[in-house]
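Next comes target-v1.txt, with compact mmCIF, C-alpha atoms.
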# COMPACT_ATOMS: atom_id res chain seq x y z
CA MET A 1 -23.63 -94.44 25.76
CA GLN A 2 -25.77 -93.99 28.87
CA VAL A 3 -28.58 -91.50 29.34
CA ARG A 4 -26.44 -89.57 31.81
CA SER A 5 -24.27 -88.54 28.86
CA VAL A 6 -27.03 -86.25 27.59
CA PHE A 7 -26.04 -83.28 29.73
CA GLU A 8 -22.37 -83.87 28.99
CA ALA A 9 -23.26 -83.90 25.30
CA VAL A 10 -25.16 -80.61 25.64
CA MET A 11 -22.24 -79.00 27.47
CA SER A 12 -19.68 -80.91 25.40
CA ARG A 13 -16.32 -79.43 24.48
CA SER A 14 -16.16 -81.67 21.43
CA ARG A 15 -15.70 -80.09 18.03
CA GLY A 16 -18.78 -78.63 16.43
CA SER A 17 -19.77 -75.05 15.91
CA TRP A 18 -23.10 -75.32 17.72
CA ARG A 19 -21.33 -75.97 21.03
CA ALA A 20 -19.69 -72.58 20.96
CA VAL A 21 -22.89 -70.83 19.94
CA VAL A 22 -24.97 -72.45 22.66
CA CYS A 23 -22.41 -71.23 25.16
CA ALA A 24 -22.66 -67.77 23.66
CA LEU A 25 -26.42 -67.66 23.33
CA ALA A 26 -26.79 -69.59 26.60
CA PHE A 27 -30.00 -71.13 27.97
CA CYS A 28 -31.95 -69.99 31.05
CA SER A 29 -35.18 -70.16 33.01
CA PRO A 30 -35.95 -66.81 34.69
CA THR A 31 -36.67 -66.66 38.41
CA GLY A 32 -37.24 -63.71 40.69
CA LEU A 33 -37.55 -61.09 37.99
CA HIS A 34 -39.06 -57.76 38.95
CA ALA A 35 -40.58 -55.31 36.52
CA ASP A 36 -38.86 -51.96 36.47
CA GLU A 37 -41.10 -49.53 38.32
CA GLU A 38 -39.61 -46.36 36.87
CA PRO A 39 -41.62 -44.46 34.22
CA ALA A 40 -41.57 -46.21 30.89
CA ARG A 41 -38.74 -45.19 28.60
CA PRO A 42 -38.67 -45.88 24.88
CA LEU A 43 -36.93 -49.15 24.03
CA PRO A 44 -33.82 -48.97 21.84
CA ASP A 45 -34.12 -49.36 18.10
CA THR A 46 -34.35 -53.13 17.55
CA ALA A 47 -31.94 -53.44 14.63
CA ALA A 48 -29.25 -51.25 16.20
CA PHE A 49 -29.63 -52.92 19.60
CA ILE A 50 -29.32 -56.47 18.23
CA GLU A 51 -26.30 -55.50 16.14
CA GLU A 52 -24.53 -54.15 19.22
CA VAL A 53 -25.32 -57.37 21.08
CA ARG A 54 -24.08 -59.46 18.16
CA GLN A 55 -20.77 -57.64 18.25
CA ASN A 56 -20.39 -58.76 21.87
CA LEU A 57 -21.26 -62.40 21.21
CA ARG A 58 -18.24 -64.51 21.90
CA SER A 59 -18.08 -68.01 23.20
CA ASP A 60 -17.84 -68.02 26.99
CA ARG A 61 -15.36 -70.81 26.46
CA LEU A 62 -12.83 -68.24 25.22
CA LEU A 63 -13.41 -66.00 28.24
CA LEU A 64 -13.27 -68.85 30.72
CA GLU A 65 -9.86 -69.88 29.45
CA GLN A 66 -8.40 -66.88 31.26
CA TYR A 67 -9.55 -68.13 34.67
CA THR A 68 -9.03 -70.89 37.21
CA PHE A 69 -12.26 -71.88 38.94
CA THR A 70 -14.21 -74.65 40.65
CA GLU A 71 -16.99 -76.34 38.72
CA ASN A 72 -19.85 -78.18 40.44
CA ARG A 73 -22.14 -80.58 38.58
CA VAL A 74 -25.37 -82.09 39.92
CA GLU A 75 -27.28 -84.60 37.82
CA GLN A 76 -30.62 -86.12 38.84
CA ARG A 77 -32.03 -89.18 37.09
CA LEU A 78 -35.84 -89.11 37.06
CA ASN A 79 -38.37 -91.92 36.87
CA GLY A 80 -41.49 -91.96 34.71
CA LYS A 81 -43.40 -89.90 37.29
CA GLY A 82 -40.74 -87.20 37.46
CA ALA A 83 -39.47 -88.24 40.89
CA VAL A 84 -35.73 -88.35 41.54
CA LYS A 85 -34.41 -91.90 41.62
CA LYS A 86 -30.67 -91.17 41.56
CA THR A 87 -28.45 -88.13 42.14
CA LYS A 88 -24.86 -87.79 41.01
CA THR A 89 -22.52 -84.95 42.02
CA GLU A 90 -19.02 -84.11 40.83
CA ILE A 91 -16.57 -81.32 41.65
CA PHE A 92 -13.81 -80.27 39.26
CA GLU A 93 -10.83 -77.96 39.58
CA VAL A 94 -10.53 -76.19 36.24
CA TYR A 95 -7.27 -74.70 34.96
CA PRO A 96 -6.47 -72.48 31.95
CA SER A 97 -4.64 -73.84 28.95
CA LEU A 98 -2.15 -72.21 26.60
CA GLU A 99 -4.07 -73.94 23.82
CA PRO A 100 -7.57 -72.56 23.14
CA GLY A 101 -10.35 -75.00 23.91
CA ARG A 102 -8.25 -77.29 26.11
CA MET A 103 -8.91 -76.25 29.70
CA TYR A 104 -7.97 -78.94 32.21
CA ARG A 105 -10.90 -80.25 34.28
CA ARG A 106 -9.48 -82.21 37.18
CA ARG A 107 -12.13 -84.27 39.01
CA VAL A 108 -11.46 -83.96 42.76
CA ALA A 109 -14.71 -85.24 44.32
CA ARG A 110 -17.52 -87.60 43.38
CA ASP A 111 -20.79 -87.86 45.33
CA GLY A 112 -19.26 -85.99 48.26
CA VAL A 113 -16.18 -88.24 48.47
CA PRO A 114 -12.67 -87.05 47.48
CA VAL A 115 -11.26 -88.79 44.43
CA PRO A 116 -8.38 -91.17 45.38
CA GLU A 117 -4.90 -89.75 44.89
CA LYS A 118 -4.08 -92.51 42.40
CA GLU A 119 -6.99 -91.48 40.20
CA VAL A 120 -6.02 -87.78 40.41
CA ALA A 121 -2.46 -88.69 39.41
CA GLU A 122 -3.78 -90.62 36.42
CA GLN A 123 -5.83 -87.59 35.36
CA ASP A 124 -2.70 -85.45 35.58
CA ARG A 125 -0.74 -87.95 33.48
CA LYS A 126 -3.38 -88.01 30.76
CA HIS A 127 -3.54 -84.21 30.78
CA GLN A 128 0.21 -83.99 30.30
CA ASP A 129 -0.09 -86.33 27.32
CA GLU A 130 -2.73 -84.01 25.89
CA VAL A 131 -0.47 -80.98 26.37
CA GLU A 132 2.26 -82.71 24.38
CA LYS A 133 -0.17 -83.26 21.49
CA ALA A 134 -1.32 -79.63 21.46
CA GLU A 135 0.70 -78.52 18.45
CA ARG A 136 -0.98 -81.05 16.18
CA ARG A 137 -4.42 -79.73 17.12
CA ARG A 138 -3.74 -76.06 16.57
CA ALA A 139 -5.08 -75.99 13.02
CA ALA A 140 -8.33 -77.68 14.12
CA ASN A 141 -8.80 -75.10 16.86
CA ASP A 142 -8.34 -72.30 14.38
CA GLU A 143 -11.12 -73.82 12.26
CA ASP A 144 -13.36 -74.03 15.37
CA ARG A 145 -12.94 -70.31 15.91
CA ARG A 146 -13.66 -69.51 12.29
CA GLU A 147 -16.82 -71.64 12.38
CA GLU A 148 -17.92 -69.90 15.57
CA GLU A 149 -17.54 -66.52 13.89
CA ARG A 150 -19.60 -67.71 10.91
CA VAL A 151 -22.45 -68.88 13.15
CA VAL A 152 -22.47 -65.68 15.22
CA ALA A 153 -22.66 -63.68 11.99
CA GLU A 154 -25.66 -65.77 10.87
CA ILE A 155 -27.72 -65.39 14.06
CA PRO A 156 -29.53 -62.16 12.97
CA MET A 157 -30.72 -63.98 9.84
CA ILE A 158 -31.87 -67.08 11.73
CA TYR A 159 -34.18 -65.35 14.20
CA ASP A 160 -37.04 -62.90 14.21
CA VAL A 161 -36.40 -60.78 17.30
CA GLU A 162 -38.80 -58.61 19.31
CA LEU A 163 -37.79 -56.22 22.10
CA VAL A 164 -40.52 -56.73 24.72
CA GLY A 165 -39.68 -54.45 27.61
CA ARG A 166 -37.31 -53.38 30.34
CA GLU A 167 -36.79 -55.32 33.59
CA THR A 168 -34.33 -55.45 36.49
CA MET A 169 -32.06 -58.43 37.07
CA ASP A 170 -29.13 -58.66 39.48
CA GLU A 171 -29.78 -54.97 40.22
CA ARG A 172 -29.07 -54.05 36.60
CA SER A 173 -31.40 -52.83 33.88
CA VAL A 174 -32.01 -55.49 31.23
CA ILE A 175 -33.98 -55.60 27.99
CA LEU A 176 -36.27 -58.62 27.54
CA VAL A 177 -36.12 -60.03 24.02
CA ARG A 178 -38.20 -62.78 22.39
CA PHE A 179 -36.64 -64.79 19.57
CA ALA A 180 -38.03 -67.42 17.20
CA PRO A 181 -36.75 -69.04 14.01
CA ARG A 182 -37.49 -67.00 10.90
CA PRO A 183 -39.92 -68.88 8.60
CA GLY A 184 -38.43 -69.86 5.27
CA TYR A 185 -34.79 -69.22 6.18
CA LYS A 186 -32.37 -72.11 5.56
CA ALA A 187 -29.27 -72.00 7.73
CA VAL A 188 -25.91 -72.30 6.00
CA THR A 189 -23.83 -73.26 9.05
CA LYS A 190 -24.01 -76.38 11.20
CA GLY A 191 -24.59 -74.28 14.30
CA GLY A 192 -27.35 -72.41 12.52
CA THR A 193 -29.27 -75.61 11.80
CA ILE A 194 -29.22 -76.31 15.55
CA LEU A 195 -30.38 -72.83 16.50
CA GLN A 196 -33.33 -73.09 14.12
CA LYS A 197 -34.77 -75.73 16.47
CA VAL A 198 -34.69 -73.36 19.46
CA ALA A 199 -36.99 -70.50 20.49
CA GLY A 200 -37.32 -68.53 23.68
CA ARG A 201 -36.48 -65.33 25.52
CA ALA A 202 -33.26 -63.51 26.34
CA TRP A 203 -32.36 -60.85 28.90
CA ILE A 204 -29.67 -58.43 27.72
CA ASP A 205 -27.81 -56.00 29.94
CA GLU A 206 -28.85 -52.55 28.73
CA GLU A 207 -25.58 -50.84 29.57
CA ASP A 208 -23.07 -53.47 28.42
CA ARG A 209 -25.17 -55.06 25.65
CA GLN A 210 -24.25 -58.49 27.05
CA LEU A 211 -26.44 -61.58 27.33
CA VAL A 212 -27.40 -62.16 30.96
CA ARG A 213 -29.87 -65.02 30.72
CA VAL A 214 -31.55 -66.92 27.92
CA GLU A 215 -34.54 -69.24 28.24
CA ALA A 216 -34.80 -71.82 25.48
CA ASN A 217 -37.32 -74.44 24.39
CA LEU A 218 -36.50 -77.20 21.93
CA LEU A 219 -38.97 -77.11 19.04
CA ASP A 220 -37.96 -80.43 17.47
CA THR A 221 -35.92 -83.56 18.20
CA LEU A 222 -32.20 -82.81 18.25
CA GLY A 223 -29.29 -85.20 17.88
CA VAL A 224 -26.22 -84.53 20.05
CA GLY A 225 -23.06 -86.38 20.95
CA PRO A 226 -20.94 -88.48 18.57
CA ALA A 227 -22.88 -89.14 15.35
CA GLY A 228 -26.00 -87.69 17.02
CA VAL A 229 -26.80 -90.99 18.75
CA VAL A 230 -28.37 -89.14 21.69
CA ARG A 231 -31.71 -87.66 20.67
CA LEU A 232 -33.03 -84.85 22.84
CA GLN A 233 -36.80 -84.89 22.64
CA LYS A 234 -39.01 -81.96 21.63
CA GLY A 235 -40.05 -79.85 24.62
CA ALA A 236 -36.72 -79.97 26.47
CA THR A 237 -35.91 -76.71 28.26
CA SER A 238 -32.61 -75.21 29.28
CA TYR A 239 -31.18 -72.04 30.74
CA PHE A 240 -27.84 -70.36 31.06
CA HIS A 241 -27.06 -67.43 33.35
CA ARG A 242 -24.10 -65.05 33.13
CA ARG A 243 -22.87 -62.50 35.68
CA LYS A 244 -20.48 -59.61 35.59
CA ILE A 245 -17.40 -60.68 37.55
CA ASN A 246 -15.10 -58.20 39.31
CA ALA A 247 -17.01 -55.40 37.55
CA GLU A 248 -14.98 -56.14 34.41
CA ILE A 249 -16.00 -59.31 32.56
CA TRP A 250 -19.14 -61.35 31.87
CA LEU A 251 -18.77 -65.06 32.59
CA PRO A 252 -21.08 -68.08 32.95
CA SER A 253 -22.61 -68.59 36.39
CA ASP A 254 -24.99 -71.53 36.17
CA ALA A 255 -26.96 -73.62 33.71
CA ARG A 256 -29.68 -76.26 33.79
CA PHE A 257 -31.09 -78.79 31.36
CA THR A 258 -34.41 -80.57 31.85
CA GLY A 259 -35.91 -82.97 29.36
CA SER A 260 -36.13 -86.44 27.91
CA ALA A 261 -33.65 -88.19 25.68
CA ARG A 262 -33.23 -91.43 23.81
CA VAL A 263 -30.01 -93.21 22.89
CA LEU A 264 -30.50 -94.85 19.50
CA LEU A 265 -33.77 -96.81 19.74
CA PHE A 266 -33.00 -98.69 22.92
CA PHE A 267 -32.48 -96.46 25.94
CA GLY A 268 -34.48 -93.47 27.09
CA GLY A 269 -35.18 -91.46 30.18
CA SER A 270 -35.62 -88.06 31.78
CA ILE A 271 -32.86 -85.95 33.22
CA ASP A 272 -32.51 -82.80 35.31
CA ALA A 273 -28.92 -81.56 35.37
CA THR A 274 -27.32 -78.38 36.71
CA PHE A 275 -23.90 -77.05 35.90
Represent the structure contained in this file as structure tokens.
Amino acid sequence: MQVRSVFEAVMSRSRGSWRAVVCALAFCSPTGLHADEEPARPLPDTAAFIEEVRQNLRSDRLLLEQYTFTENRVEQRLNGKGAVKKTKTEIFEVYPSLEPGRMYRRRVARDGVPVPEKEVAEQDRKHQDEVEKAERRRAANDEDRREEERVVAEIPMIYDVELVGRETMDERSVILVRFAPRPGYKAVTKGGTILQKVAGRAWIDEEDRQLVRVEANLLDTLGVGPAGVVRLQKGATSYFHRRKINAEIWLPSDARFTGSARVLLFFGGSIDATF
């Protein structure tokens, strides 16, 4: 496994409850925020506010499956001084699937060059094979959804949450929230054990009670990918940004991961990837 697989592991669609929760909790690094200049209003009651947000937590994966869209990926490999030594870009056409969790990502361009027709045809063939196997995976997908629900239910117990203040983002009023792992609590779900290694800030739409952006810092080394062979190093940062689309639904807009990783004990490096 190469270092470039780190971002793919973070954004992986592989089984594992933490993947769905990270998509729901998202990661973000705030830019261009402006303090609300209107007279200060009392913040909502913390417990009631967080419960309303929790009720809205659903994996963006489930929402995205209703849409066809274009996905752009940019990955920059960094040297020891933080300078870019290689950039990789990919463009995908993404199509819904009748089977949850199985959207079809069709690579159509790589580093600014269209993918050859023969390669596109091979992708289509493999996708058709996957469609034919869908029935056998249905039970596993049901378990994924149940695990996601268990992790979402555990989030209020994992974190101590503080409502900090009111700001404006994307011309909407948002509540800034700080979250950190609760001392002494032992997570009971796999996703929960991942979230206990993350702290940061979240911006929640005040009207819709939806996560808009979340800024996250990794507090400890974290294994990702098959068998956890990729080790994200402490101090990695990530963000995830969501927007309200067509004035009706909240969907992911962009994400970024910056940090260092090591594959087993042999390969390591820094990466800056956007999605």
Do you have, as JSON lines, the list of residues of range 167-200 of chain A lying at most 6 Å from range 141-162 of chain A, each with its nearest atom pair and that distance in Å to one decimal, counting only C-alpha atoms and ordered by chain then number?
{"residue": "A:Val177", "atom": "CA", "partner": "A:Glu162", "partner_atom": "CA", "distance": 5.6}
{"residue": "A:Arg178", "atom": "CA", "partner": "A:Glu162", "partner_atom": "CA", "distance": 5.2}
{"residue": "A:Phe179", "atom": "CA", "partner": "A:Val161", "partner_atom": "CA", "distance": 4.6}
{"residue": "A:Ala180", "atom": "CA", "partner": "A:Tyr159", "partner_atom": "CA", "distance": 5.3}
{"residue": "A:Pro181", "atom": "CA", "partner": "A:Tyr159", "partner_atom": "CA", "distance": 4.5}
{"residue": "A:Arg182", "atom": "CA", "partner": "A:Tyr159", "partner_atom": "CA", "distance": 5.0}
{"residue": "A:Gly191", "atom": "CA", "partner": "A:Val151", "partner_atom": "CA", "distance": 5.9}
### Message
Between A:Arg242, A:Ser97, A:Ala236, A:Thr258, which residue has the minimum interatomic distance to Arg77 in chain A, considering only C-alpha atoms?
### Response
A:Thr258
### Task
Give me, please, the distance in Å between CA of Asn217 in chain A and CA of Ala199 in chain A, quoted to one decimal.
5.6 Å
### Query
Using only C-alpha atoms, which residue out of A:Leu57, A:Leu78, A:Val94, A:Ile194 lies closest to Gln210 in chain A?
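Residue with the minimum atom-to-atom distance to Gln210 in chain A: A:Leu57.
Straight-line separation from CA of His241 in chain A to CA of Ala216 in chain A: 11.9 Å.
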### Message
Considering all atoms listed in the file, can you say which of A:Arg41, A:Arg102, A:Val164, A:Asn246 comes closest to Glu132 in chain A?
### Response
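Using all atoms listed in the file, the shortest distance to Glu132 in chain A belongs to A:Arg102.
Of the listed residues A:Asp220, A:Ile271, A:Ile204, A:Leu195, the one whose atoms come nearest to Asp170 in chain A is A:Ile204, with distances taken using all atoms listed in the file.
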### Task
Measure the distance from CA of Lys81 in chain A to CA of Arg201 in chain A in Å and round it to one decimal.
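The value is 28.1 Å.
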### Query
Nearest to Asp205 in chain A among A:Arg110, A:Arg243, A:Arg231, A:Arg73, with distances taken over all atoms listed in the file: which residue is it?
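For Asp205 in chain A, the nearest of the given residues is A:Arg243.
Among the candidates A:Thr89, A:Ile50, A:Tyr95, A:Arg213, the residue lying nearest to Gly112 in chain A is A:Thr89 (atoms considered: all atoms listed in the file).
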